[in-house]
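Coordinates from start_31.cif are shown below (mmCIF, C-alpha atoms and all ligand atoms).
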```cif
data_upload
loop_
_atom_site.group_PDB
_atom_site.id
_atom_site.type_symbol
_atom_site.label_atom_id
_atom_site.label_comp_id
_atom_site.auth_asym_id
_atom_site.auth_seq_id
_atom_site.Cartn_x
_atom_site.Cartn_y
_atom_site.Cartn_z
ATOM 1 C CA MET T 1 -6.719 63.223 34.278
ATOM 2 C CA GLU T 2 -8.694 60.017 33.897
ATOM 3 C CA LEU T 3 -6.974 57.281 31.889
ATOM 4 C CA HIS T 4 -9.357 57.394 28.933
ATOM 5 C CA ALA T 5 -9.118 61.168 28.658
ATOM 6 C CA ALA T 6 -5.338 60.968 28.986
ATOM 7 C CA LEU T 7 -5.169 58.481 26.102
ATOM 8 C CA VAL T 8 -7.365 60.697 23.951
ATOM 9 C CA GLU T 9 -5.148 63.693 24.716
ATOM 10 C CA ARG T 10 -1.979 61.731 23.972
ATOM 11 C CA TRP T 11 -3.257 60.634 20.571
ATOM 12 C CA LEU T 12 -4.488 64.117 19.678
ATOM 13 C CA ARG T 13 -1.197 65.679 20.711
ATOM 14 C CA ASP T 14 0.886 63.159 18.761
ATOM 15 C CA TYR T 15 -1.230 63.601 15.667
ATOM 16 C CA LEU T 16 -1.850 67.354 15.645
ATOM 17 C CA CYS T 17 1.520 68.617 16.922
ATOM 18 C CA ALA T 18 3.262 66.956 13.985
ATOM 19 C CA PHE T 19 1.280 69.301 11.724
ATOM 20 C CA GLY T 20 2.114 72.488 13.637
ATOM 21 C CA PHE T 21 -0.988 72.608 15.828
ATOM 22 C CA GLU T 22 -1.071 73.063 19.599
ATOM 23 C CA LEU T 23 -3.645 71.598 21.908
ATOM 24 C CA HIS T 24 -4.903 72.745 25.325
ATOM 25 C CA PRO T 25 -7.457 70.787 27.386
ATOM 26 C CA LEU T 26 -10.220 72.442 29.366
ATOM 27 C CA GLN T 27 -13.481 71.727 31.124
ATOM 28 C CA VAL T 28 -16.436 73.344 29.349
ATOM 29 C CA GLY T 29 -17.470 74.797 32.726
ATOM 30 C CA TRP T 30 -14.303 76.936 32.910
ATOM 31 C CA TYR T 31 -15.392 78.590 29.681
ATOM 32 C CA ASN T 32 -19.053 78.931 30.585
ATOM 33 C CA THR T 33 -18.461 80.524 33.983
ATOM 34 C CA VAL T 34 -16.787 83.623 32.527
ATOM 35 C CA LEU T 35 -19.443 84.114 29.847
ATOM 36 C CA GLN T 36 -23.019 85.304 29.800
ATOM 37 C CA PRO T 37 -25.555 82.490 29.118
ATOM 38 C CA SER T 38 -26.096 83.413 25.452
ATOM 39 C CA PHE T 39 -22.512 82.276 24.744
ATOM 40 C CA HIS T 40 -22.578 79.086 26.825
ATOM 41 C CA LEU T 41 -21.711 75.737 25.295
ATOM 42 C CA ALA T 42 -24.547 73.387 26.183
ATOM 43 C CA TYR T 43 -22.627 70.606 27.942
ATOM 44 C CA PRO T 44 -22.159 69.662 31.587
ATOM 45 C CA ASP T 45 -19.419 71.643 33.341
ATOM 46 C CA SER T 46 -16.893 68.837 33.591
ATOM 47 C CA THR T 47 -17.056 67.907 29.884
ATOM 48 C CA LEU T 48 -13.647 67.536 28.234
ATOM 49 C CA ALA T 49 -12.751 69.956 25.441
ATOM 50 C CA PHE T 50 -9.560 71.057 23.676
ATOM 51 C CA VAL T 51 -8.655 74.396 22.155
ATOM 52 C CA VAL T 52 -6.714 73.935 18.917
ATOM 53 C CA LEU T 53 -4.194 76.608 17.882
ATOM 54 C CA SER T 54 -2.175 76.812 14.692
ATOM 55 C CA THR T 55 1.451 77.839 15.241
ATOM 56 C CA PRO T 56 3.723 79.365 12.569
ATOM 57 C CA SER T 57 4.930 75.947 11.402
ATOM 58 C CA MET T 58 1.402 74.807 10.478
ATOM 59 C CA PHE T 59 1.867 76.561 7.136
ATOM 60 C CA ASP T 60 4.785 74.328 6.107
ATOM 61 C CA LYS T 61 3.839 71.185 7.994
ATOM 62 C CA ALA T 62 0.133 70.986 7.184
ATOM 63 C CA PHE T 63 -0.995 73.619 4.725
ATOM 64 C CA LYS T 64 1.532 73.364 1.896
ATOM 65 C CA PRO T 65 1.427 69.523 1.772
ATOM 66 C CA PHE T 66 -2.369 69.680 1.919
ATOM 67 C CA VAL T 67 -2.595 72.100 -1.007
ATOM 68 C CA SER T 68 -0.137 70.164 -3.126
ATOM 69 C CA LYS T 69 -2.222 67.006 -2.669
ATOM 70 C CA GLN T 70 -5.534 68.620 -3.531
ATOM 71 C CA LEU T 71 -6.328 68.429 -7.214
ATOM 72 C CA LEU T 72 -9.507 70.373 -6.792
ATOM 73 C CA LEU T 73 -10.067 72.319 -3.637
ATOM 74 C CA LYS T 74 -13.691 72.957 -2.838
ATOM 75 C CA ARG T 75 -14.164 76.582 -3.753
ATOM 76 C CA ILE T 76 -16.678 77.283 -1.031
ATOM 77 C CA ARG T 77 -14.178 78.119 1.674
ATOM 78 C CA ASP T 78 -10.701 79.357 2.325
ATOM 79 C CA PRO T 79 -8.005 76.704 1.660
ATOM 80 C CA VAL T 80 -6.568 77.131 5.180
ATOM 81 C CA ASP T 81 -9.994 76.427 6.663
ATOM 82 C CA GLN T 82 -10.260 73.363 4.435
ATOM 83 C CA CYS T 83 -6.851 72.130 5.544
ATOM 84 C CA ILE T 84 -7.777 72.506 9.191
ATOM 85 C CA SER T 85 -11.132 70.821 8.800
ATOM 86 C CA HIS T 86 -9.415 68.021 6.879
ATOM 87 C CA HIS T 87 -7.117 67.284 9.823
ATOM 88 C CA LEU T 88 -9.813 67.663 12.448
ATOM 89 C CA SER T 89 -12.136 65.378 10.482
ATOM 90 C CA LEU T 90 -9.409 62.757 10.578
ATOM 91 C CA VAL T 91 -9.355 63.177 14.349
ATOM 92 C CA LYS T 92 -13.068 62.414 14.382
ATOM 93 C CA GLU T 93 -12.545 59.332 12.237
ATOM 94 C CA HIS T 94 -9.867 58.099 14.615
ATOM 95 C CA PHE T 95 -12.420 57.969 17.441
ATOM 96 C CA PRO T 96 -15.375 56.158 15.788
ATOM 97 C CA ASP T 97 -16.818 55.082 19.153
ATOM 98 C CA GLU T 98 -16.531 58.516 20.678
ATOM 99 C CA LYS T 99 -18.729 61.544 20.096
ATOM 100 C CA VAL T 100 -16.516 64.442 19.009
ATOM 101 C CA HIS T 101 -18.069 67.838 18.353
ATOM 102 C CA ILE T 102 -15.932 70.327 16.469
ATOM 103 C CA ILE T 103 -16.653 74.051 16.370
ATOM 104 C CA TYR T 104 -14.480 76.180 14.076
ATOM 105 C CA ASP T 105 -13.538 79.796 14.768
ATOM 106 C CA TYR T 106 -15.487 81.036 11.747
ATOM 107 C CA GLU T 107 -18.790 79.309 12.571
ATOM 108 C CA MET T 108 -21.670 81.638 13.403
ATOM 109 C CA LEU T 109 -25.069 81.140 15.048
ATOM 110 C CA PRO T 110 -28.233 82.259 13.233
ATOM 111 C CA ASN T 111 -28.088 85.475 15.344
ATOM 112 C CA ARG T 112 -24.620 86.091 13.797
ATOM 113 C CA LYS T 113 -22.778 85.628 17.066
ATOM 114 C CA PRO T 114 -19.786 83.270 16.952
ATOM 115 C CA LYS T 115 -20.539 79.693 18.019
ATOM 116 C CA PHE T 116 -17.582 79.843 20.392
ATOM 117 C CA LEU T 117 -15.439 82.679 21.640
ATOM 118 C CA ALA T 118 -11.975 81.543 20.656
ATOM 119 C CA GLN T 119 -10.061 84.040 22.797
ATOM 120 C CA THR T 120 -11.981 83.271 25.967
ATOM 121 C CA ALA T 121 -11.455 79.541 25.367
ATOM 122 C CA ALA T 122 -7.716 80.112 24.802
ATOM 123 C CA HIS T 123 -7.453 82.089 28.042
ATOM 124 C CA VAL T 124 -9.320 79.673 30.325
ATOM 125 C CA SER T 125 -7.412 76.690 28.904
ATOM 126 C CA GLY T 126 -4.117 78.434 29.721
ATOM 127 C CA ALA T 127 -3.079 78.558 26.037
ATOM 128 C CA ALA T 128 -2.733 82.326 25.667
ATOM 129 C CA TYR T 129 -3.572 85.316 27.861
ATOM 130 C CA TYR T 130 -6.559 87.294 26.604
ATOM 131 C CA TYR T 131 -5.812 91.035 27.042
ATOM 132 C CA GLN T 132 -8.984 93.050 27.108
ATOM 133 C CA ARG T 133 -9.706 96.725 27.612
ATOM 134 C CA LYS T 134 -10.566 96.008 31.222
ATOM 135 C CA ASP T 135 -6.965 94.814 31.798
ATOM 136 C CA VAL T 136 -5.821 98.444 31.412
ATOM 137 C CA LYS T 137 -6.488 100.739 34.378
ATOM 138 C CA CYS T 138 -6.398 104.206 32.780
ATOM 139 C CA ASP T 139 -7.341 103.782 29.175
ATOM 140 C CA PRO T 140 -7.069 106.559 26.586
ATOM 141 C CA TRP T 141 -9.776 105.395 24.149
ATOM 142 C CA GLY T 142 -12.931 107.207 25.302
ATOM 143 C CA GLU T 143 -15.973 106.032 23.353
ATOM 144 C CA LYS T 144 -14.027 103.892 20.870
ATOM 145 C CA LYS T 145 -14.741 100.177 20.611
ATOM 146 C CA ILE T 146 -11.578 98.280 21.558
ATOM 147 C CA TYR T 147 -11.254 94.591 20.723
ATOM 148 C CA GLY T 148 -9.164 92.327 22.938
ATOM 149 C CA VAL T 149 -6.279 90.129 21.794
ATOM 150 C CA CYS T 150 -4.593 86.933 23.000
ATOM 151 C CA ILE T 151 -0.828 86.749 23.327
ATOM 152 C CA HIS T 152 0.913 83.387 23.393
ATOM 153 C CA PRO T 153 4.023 83.133 25.608
ATOM 154 C CA GLN T 154 6.131 81.641 22.802
ATOM 155 C CA TYR T 155 4.537 82.889 19.609
ATOM 156 C CA GLY T 156 3.303 86.335 20.720
ATOM 157 C CA GLY T 157 0.567 87.089 18.194
ATOM 158 C CA TRP T 158 1.928 84.715 15.515
ATOM 159 C CA PHE T 159 -0.744 82.047 15.887
ATOM 160 C CA ALA T 160 -4.465 81.558 15.356
ATOM 161 C CA ILE T 161 -7.171 79.894 17.391
ATOM 162 C CA ARG T 162 -8.768 77.452 14.994
ATOM 163 C CA ALA T 163 -11.331 75.334 16.792
ATOM 164 C CA ILE T 164 -12.626 73.754 19.940
ATOM 165 C CA LEU T 165 -13.025 69.965 20.091
ATOM 166 C CA ILE T 166 -15.621 68.758 22.573
ATOM 167 C CA PHE T 167 -15.906 65.179 23.842
ATOM 168 C CA PRO T 168 -19.465 65.145 25.277
ATOM 169 C CA GLU T 169 -19.123 61.646 26.690
ATOM 170 C CA ILE T 170 -15.885 62.252 28.581
ATOM 171 C CA GLN T 171 -16.107 63.971 31.951
ATOM 172 C CA VAL T 172 -12.919 65.276 33.602
ATOM 173 C CA PRO T 173 -13.970 66.765 36.971
ATOM 174 C CA PHE T 174 -10.368 66.567 38.239
ATOM 175 C CA LEU T 175 -8.664 68.227 35.269
ATOM 176 C CA GLU T 176 -6.194 70.787 36.566
ATOM 177 C CA GLN T 177 -6.615 74.354 35.330
ATOM 178 C CA TYR T 178 -3.474 76.344 34.507
ATOM 179 C CA ALA T 179 -3.589 80.121 34.376
ATOM 180 C CA PRO T 180 -2.366 81.547 31.067
ATOM 181 C CA ILE T 181 1.067 83.185 31.209
ATOM 182 C CA ASP T 182 0.733 86.940 31.598
ATOM 183 C CA CYS T 183 3.514 88.048 29.285
ATOM 184 C CA VAL T 184 2.438 91.665 28.669
ATOM 185 C CA THR T 185 2.654 92.888 32.224
ATOM 186 C CA THR T 186 2.967 96.651 32.169
ATOM 187 C CA GLU T 187 0.135 99.126 31.656
ATOM 188 C CA GLU T 188 2.161 100.863 28.932
ATOM 189 C CA LYS T 189 2.744 97.657 26.954
ATOM 190 C CA ARG T 190 -0.891 96.599 27.250
ATOM 191 C CA ILE T 191 -2.021 99.961 25.873
ATOM 192 C CA GLN T 192 0.493 99.610 23.044
ATOM 193 C CA LEU T 193 -0.748 96.078 22.321
ATOM 194 C CA LEU T 194 -4.418 97.034 22.150
ATOM 195 C CA GLU T 195 -3.596 100.125 20.029
ATOM 196 C CA LYS T 196 -1.661 98.014 17.571
ATOM 197 C CA PHE T 197 -4.247 95.246 17.405
ATOM 198 C CA ASN T 198 -7.136 97.634 16.900
ATOM 199 C CA PHE T 199 -5.663 100.370 14.730
ATOM 200 C CA HIS T 200 -2.561 98.912 13.038
ATOM 201 C CA TRP T 201 -3.189 95.172 12.841
ATOM 202 C CA GLN T 202 -2.282 95.102 9.149
ATOM 203 C CA ASP T 203 1.381 95.976 9.863
ATOM 204 C CA TRP T 204 1.686 92.756 11.949
ATOM 205 C CA SER T 205 3.426 94.684 14.794
ATOM 206 C CA TYR T 206 1.021 93.623 17.566
ATOM 207 C CA ARG T 207 2.257 90.091 17.024
ATOM 208 C CA ASP T 208 5.775 91.102 18.121
ATOM 209 C CA ILE T 209 4.713 92.749 21.381
ATOM 210 C CA ILE T 210 6.936 90.221 23.165
ATOM 211 C CA GLU T 211 10.045 88.423 21.980
ATOM 212 C CA VAL T 212 8.950 85.346 20.065
ATOM 213 C CA LYS T 213 10.404 81.946 19.328
ATOM 214 C CA GLU T 214 9.023 81.782 15.789
ATOM 215 C CA ARG T 215 6.948 83.990 13.502
ATOM 216 C CA TYR T 216 5.237 83.650 10.113
ATOM 217 C CA SER T 217 7.604 83.438 7.120
ATOM 218 C CA GLU T 218 7.418 86.121 4.412
ATOM 219 C CA GLU T 219 5.612 83.570 2.243
ATOM 220 C CA GLN T 220 3.022 82.937 4.945
ATOM 221 C CA LYS T 221 2.561 86.678 5.561
ATOM 222 C CA THR T 222 1.984 87.300 1.868
ATOM 223 C CA TYR T 223 -0.534 84.493 1.822
ATOM 224 C CA PHE T 224 -2.510 85.814 4.792
ATOM 225 C CA ALA T 225 -2.286 89.413 3.581
ATOM 226 C CA THR T 226 -4.004 88.371 0.340
ATOM 227 C CA PRO T 227 -7.809 88.679 0.366
ATOM 228 C CA PRO T 228 -9.385 85.187 0.686
ATOM 229 C CA ALA T 229 -10.973 85.383 -2.767
ATOM 230 C CA GLU T 230 -7.537 85.803 -4.382
ATOM 231 C CA ARG T 231 -5.735 83.114 -2.425
ATOM 232 C CA PHE T 232 -6.608 80.354 -4.897
ATOM 233 C CA LYS T 233 -4.722 82.273 -7.584
ATOM 234 C CA LEU T 234 -1.725 82.793 -5.303
ATOM 235 C CA LEU T 235 -1.496 79.047 -4.794
ATOM 236 C CA GLY T 236 -1.423 78.509 -8.529
ATOM 237 C CA LEU T 237 -4.844 76.889 -8.420
ATOM 238 C CA GLN T 238 -7.641 77.719 -10.827
ATOM 239 C CA GLY T 239 -8.895 81.218 -9.985
HETATM 240 CO CO1 LIG V 301 -11.276 88.828 14.448
HETATM 241 N N1 LIG V 301 -10.057 87.678 15.231
HETATM 242 N N2 LIG V 301 -9.801 89.947 13.817
HETATM 243 N N3 LIG V 301 -12.630 90.097 13.995
HETATM 244 N N4 LIG V 301 -12.552 87.577 15.026
HETATM 245 C C1 LIG V 301 -10.650 86.698 16.154
HETATM 246 C C2 LIG V 301 -10.939 87.413 17.464
HETATM 247 C C3 LIG V 301 -9.529 85.599 16.256
HETATM 248 C C4 LIG V 301 -9.588 84.869 17.590
HETATM 249 C C5 LIG V 301 -9.612 84.598 15.084
HETATM 250 C C6 LIG V 301 -8.610 83.464 15.122
HETATM 251 O O1 LIG V 301 -7.615 83.412 15.785
HETATM 252 N N5 LIG V 301 -8.887 82.468 14.304
HETATM 253 C C7 LIG V 301 -8.223 86.454 16.000
HETATM 254 C C8 LIG V 301 -7.550 87.003 17.263
HETATM 255 C C9 LIG V 301 -6.367 86.166 17.668
HETATM 256 C C10 LIG V 301 -5.770 86.662 18.942
HETATM 257 O O2 LIG V 301 -6.471 87.113 19.857
HETATM 258 N N6 LIG V 301 -4.479 86.533 19.043
HETATM 259 C C11 LIG V 301 -8.773 87.591 15.141
HETATM 260 C C12 LIG V 301 -7.953 88.440 14.348
HETATM 261 C C13 LIG V 301 -6.481 88.057 14.237
HETATM 262 C C14 LIG V 301 -8.480 89.580 13.729
HETATM 263 C C15 LIG V 301 -7.744 90.610 12.853
HETATM 264 C C16 LIG V 301 -6.289 90.933 13.204
HETATM 265 C C17 LIG V 301 -7.849 90.219 11.369
HETATM 266 C C18 LIG V 301 -7.183 88.927 11.042
HETATM 267 O O3 LIG V 301 -5.986 88.855 10.815
HETATM 268 N N7 LIG V 301 -7.978 87.855 11.033
HETATM 269 C C19 LIG V 301 -8.648 91.854 13.030
HETATM 270 C C20 LIG V 301 -8.175 92.738 14.244
HETATM 271 C C21 LIG V 301 -9.214 93.664 14.823
HETATM 272 C C22 LIG V 301 -9.351 94.921 14.029
HETATM 273 O O4 LIG V 301 -10.186 94.991 13.159
HETATM 274 N N8 LIG V 301 -8.513 95.875 14.293
HETATM 275 C C23 LIG V 301 -9.960 91.183 13.329
HETATM 276 C C24 LIG V 301 -11.181 91.815 13.073
HETATM 277 C C25 LIG V 301 -12.396 91.296 13.394
HETATM 278 C C26 LIG V 301 -13.721 92.034 13.102
HETATM 279 C C27 LIG V 301 -14.057 91.830 11.622
HETATM 280 C C28 LIG V 301 -13.617 93.535 13.401
HETATM 281 C C29 LIG V 301 -14.728 91.224 13.970
HETATM 282 C C30 LIG V 301 -15.112 91.865 15.327
HETATM 283 C C31 LIG V 301 -14.029 91.698 16.402
HETATM 284 C C32 LIG V 301 -14.535 91.372 17.809
HETATM 285 O O5 LIG V 301 -15.706 91.464 18.148
HETATM 286 N N9 LIG V 301 -13.633 90.968 18.681
HETATM 287 C C33 LIG V 301 -13.958 89.929 14.241
HETATM 288 C C34 LIG V 301 -14.588 88.774 14.691
HETATM 289 C C35 LIG V 301 -16.106 88.766 14.716
HETATM 290 C C36 LIG V 301 -13.838 87.649 15.116
HETATM 291 C C37 LIG V 301 -14.406 86.334 15.706
HETATM 292 C C38 LIG V 301 -14.960 85.496 14.546
HETATM 293 C C39 LIG V 301 -15.467 86.523 16.785
HETATM 294 C C40 LIG V 301 -15.137 87.603 17.829
HETATM 295 C C41 LIG V 301 -16.407 88.039 18.529
HETATM 296 O O6 LIG V 301 -17.413 88.306 17.908
HETATM 297 N N10 LIG V 301 -16.409 88.119 19.818
HETATM 298 C C42 LIG V 301 -13.102 85.701 16.330
HETATM 299 C C43 LIG V 301 -13.070 84.157 16.273
HETATM 300 C C44 LIG V 301 -13.956 83.577 17.343
HETATM 301 O O7 LIG V 301 -13.920 83.981 18.503
HETATM 302 N N11 LIG V 301 -14.759 82.598 16.965
HETATM 303 C C45 LIG V 301 -11.972 86.338 15.477
HETATM 304 C C46 LIG V 301 -17.601 88.499 20.588
HETATM 305 C C47 LIG V 301 -17.232 89.486 21.685
HETATM 306 C C48 LIG V 301 -18.492 89.956 22.411
HETATM 307 O O8 LIG V 301 -16.364 88.772 22.594
HETATM 308 O O9 LIG V 301 -15.164 90.897 23.187
HETATM 309 O O10 LIG V 301 -14.254 88.615 23.825
HETATM 310 P P1 LIG V 301 -15.419 89.513 23.620
HETATM 311 O O11 LIG V 301 -16.308 89.575 24.955
HETATM 312 C C49 LIG V 301 -16.412 88.437 25.788
HETATM 313 C C50 LIG V 301 -15.284 88.378 26.823
HETATM 314 O O12 LIG V 301 -15.031 89.676 27.325
HETATM 315 C C51 LIG V 301 -15.960 87.478 27.877
HETATM 316 O O13 LIG V 301 -17.352 87.811 27.821
HETATM 317 C C52 LIG V 301 -17.636 88.596 26.660
HETATM 318 C C53 LIG V 301 -18.901 88.080 25.996
HETATM 319 O O14 LIG V 301 -19.958 88.233 26.851
HETATM 320 N N12 LIG V 301 -15.484 87.699 29.222
HETATM 321 C C54 LIG V 301 -14.329 87.195 29.725
HETATM 322 C C55 LIG V 301 -16.084 88.444 30.163
HETATM 323 N N13 LIG V 301 -15.353 88.457 31.274
HETATM 324 C C56 LIG V 301 -14.253 87.686 31.042
HETATM 325 C C57 LIG V 301 -13.172 87.359 31.864
HETATM 326 C C58 LIG V 301 -12.161 86.535 31.329
HETATM 327 C C59 LIG V 301 -10.998 86.190 32.190
HETATM 328 C C60 LIG V 301 -12.240 86.031 30.007
HETATM 329 C C61 LIG V 301 -11.161 85.160 29.440
HETATM 330 C C62 LIG V 301 -13.350 86.368 29.188
#
```

Whole structure given in structure tokens:
Amino acid sequence: MELHAALVERWLRDYLCAFGFELHPLQVGWYNTVLQPSFHLAYPDSTLAFVVLSTPSMFDKAFKPFVSKQLLLKRIRDPVDQCISHHLSLVKEHFPDEKVHIIYDYEMLPNRKPKFLAQTAAHVSGAAYYYQRKDVKCDPWGEKKIYGVCIHPQYGGWFAIRAILIFPEIQVPFLEQYAPIDCVTTEEKRIQLLEKFNFHWQDWSYRDIIEVKERYSEEQKTYFATPPAERFKLLGLQG
């Protein structure tokens, strides 16, 4: 990787990892080539980008301190989203001479399609393997719509894909691409995974499809199982 890009990555890693985030670099072209044009990100192929994941420890390392410091959270969005945008805005401020475009997982285009496909970005950056229906040879689902799911080699399904950071002025034509680790290898397990993610996602079991290093605490599970509108109350903030 070019020196400038390497320095940017080093700073981002040092800053974000301390808060329980994980970072994976990619060229925008890797993402665009697997997608139809309507989903393309409009940057040259060798543009540097990073996928940002939150790992289980983000809740204690970033979210709880963030909430305790906020006297008045803006009520327009989920507190977790606010915490993440707080940290990523600080990233932007750290690079005042650099253009940094941030797209969050929840951002939609006017046609209601997501601005970026988080799972595809995670897969092409090597962060987490994206298991899709087409990864199963003989599938049992007939006409049903089956959504795909990413599995992280260390955290299984206990993580979220939060954003993509794009540095339009940094080109990295020699960035090395790493394939994501295929950790759900058998047909049987892949079917089980997609069944769980699509039809039983609320019992959390898809997240444990492989042995994991760390999962969400009971406190974090309760928080995420609470509908967004009621989360302010759960945090003891005005509801
Ligand atoms: Co949701 N959801 N969701 N979700 N959702 C996201 C997918 C995401 C990534 C959010 C996040 O992490 N912040 C996570 C998944 C994490 C993971 O994969 N480990 C997530 C989760 C966790 C959930 C829930 C469990 C609820 C929750 O806890 N938040 C449930 C589970 C599903 C269920 O209901 N049983 C859930 C539900 C939903 C609904 C409300 C149903 C919708 C529709 C789901 C869907 O379409 N997949 C939903 C949405 C809309 C999203 C969101 C915002 C966009 C997904 C989307 O519209 N994709 C994403 C966040 C994001 O991406 N910004 C979260 C569009 C479709 C067309 O994309 O199926 O991947 P696609 O198809 C593309 C690929 O196949 C690609 O091309 C296609 C497009 O042309 N492609 C590729 C083609 N060939 C190839 C080849 C390769 C190698 C690759 C990599 C790609």

Note to self: Give me, as a PyMOL selection string, all polymer residues having an atom no more than 9 Å from Ile146 (chain T), counting all atoms listed in the file and skipping those fewer than 2 positions away in the same chain.
What the structure shows: chain T and resi 132-133+141+144+148+194-195+197-198

Checklist line | Expected answer as a PyMOL selection string: residues within 7 Å of ligand LIG 301 (chain V), only C-alpha atoms and all ligand atoms | finding: chain T and resi 34-36+39+105-107+113-121+123-124+130+132+147-151+157+159-162+197-201

Next item on the list: Expand the PyMOL selection byres (((chain T and resi 2-16) around 8) and not hetatm) into the individual residues it matches in the shown file, reporting them as a count of residues only.
Entry: 14

Next item on the list: Excluding Glu98 (chain T) and residues on its chain fewer than 2 positions from it, collect all residues at most 8 Å away from it, counting only C-alpha atoms, and give them as a VMD selection string.
Entry: chain T and resid 95 to 96 100 167 169

Margin query: To test your reading of the syntax: which residues would the PyMOL selection byres (((chain T and resi 56) around 9) and not hetatm) return for the file shown? Reply as number ranges by chain.
Written below: T: 20-21, 54-55, 57-60, 155, 158-160, 214-217, 220

Item checked: CA of Ser205 (chain T) to CA of Gln192 (chain T), distance in Å rounded to a single decimal ->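 These two atoms are separated by 10.0 Å.
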
Next item on the list: Point out the residue among T:Leu235, T:Ala225, T:Ile102, T:Gly156 with the least atom-to-atom distance to Phe66 (chain T), counting all atoms listed in the file.
Entry: T:Leu235

Item checked: Residues in the PyMOL selection byres (((chain T and resi 153) around 10) and not hetatm), expressed as a PyMOL selection string -> chain T and resi 127-129+150-152+154-157+180-184+210-213

Notebook entry, point to check: Using only C-alpha atoms, which of T:Pro168, T:Gln177, T:Glu93, T:Val67 sits nearest Tyr31 (chain T)?
Noted result: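 Ranking T:Pro168, T:Gln177, T:Glu93, T:Val67 by distance to Tyr31 (chain T), first place goes to T:Gln177.
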
Enclose the full set of atoms of region 162-168 of chain T listed in the file within a box whose edges lie along x, y and z, apply 5 Å of padding to each of the six sides, and report centre and edge lengths in Å to one decimal as lines of an AutoDock Vina configuration file.
```
center_x = -14.1
center_y = 71.3
center_z = 20.1
size_x = 20.7
size_y = 22.3
size_z = 20.3
```

Next item on the list: Measure the distance from CA of Ala42 (chain T) to CA of Gly126 (chain T) in Å and round it to one decimal.
Entry: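 Distance between the two atoms: 21.3 Å.
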
Notebook entry, point to check: Taking into account all atoms listed in the file, which residue in the set T:Ala179, T:Val80, T:Leu53, T:Ile191 is nearest to Ser125 (chain T)?
Noted result: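 Closest to Ser125 (chain T), using all atoms listed in the file: T:Ala179.
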
Next item on the list: Could you tell me how far CA of Pro44 (chain T) lies from CA of Gly29 (chain T), in Å and to one decimal?
Entry: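 For CA of Pro44 (chain T) relative to CA of Gly29 (chain T), the distance reads 7.0 Å.
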
Notebook entry, point to check: Of the candidates T:Ile166, T:Leu26, T:Leu193, T:Ala122, which shows the shortest atom-to-atom distance to Ile209 (chain T), using all atoms listed in the file?
Noted result: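 Closest to Ile209 (chain T) of all the choices is T:Leu193.
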
Item checked: Best match for closeness to Lys134 (chain T) among T:Pro173, T:Lys99, T:Arg190, T:Tyr223, counting all atoms listed in the file ->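 Residue with the minimum atom-to-atom distance to Lys134 (chain T): T:Arg190.
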
Next item on the list: Tell me which protein, DNA and RNA residues are within 7 Å of Ile103 (chain T), counting only C-alpha atoms, leaving out same-chain ones fewer than 4 positions away, and put them as a ChimeraX atom specification.
Entry: /T:107,163-165
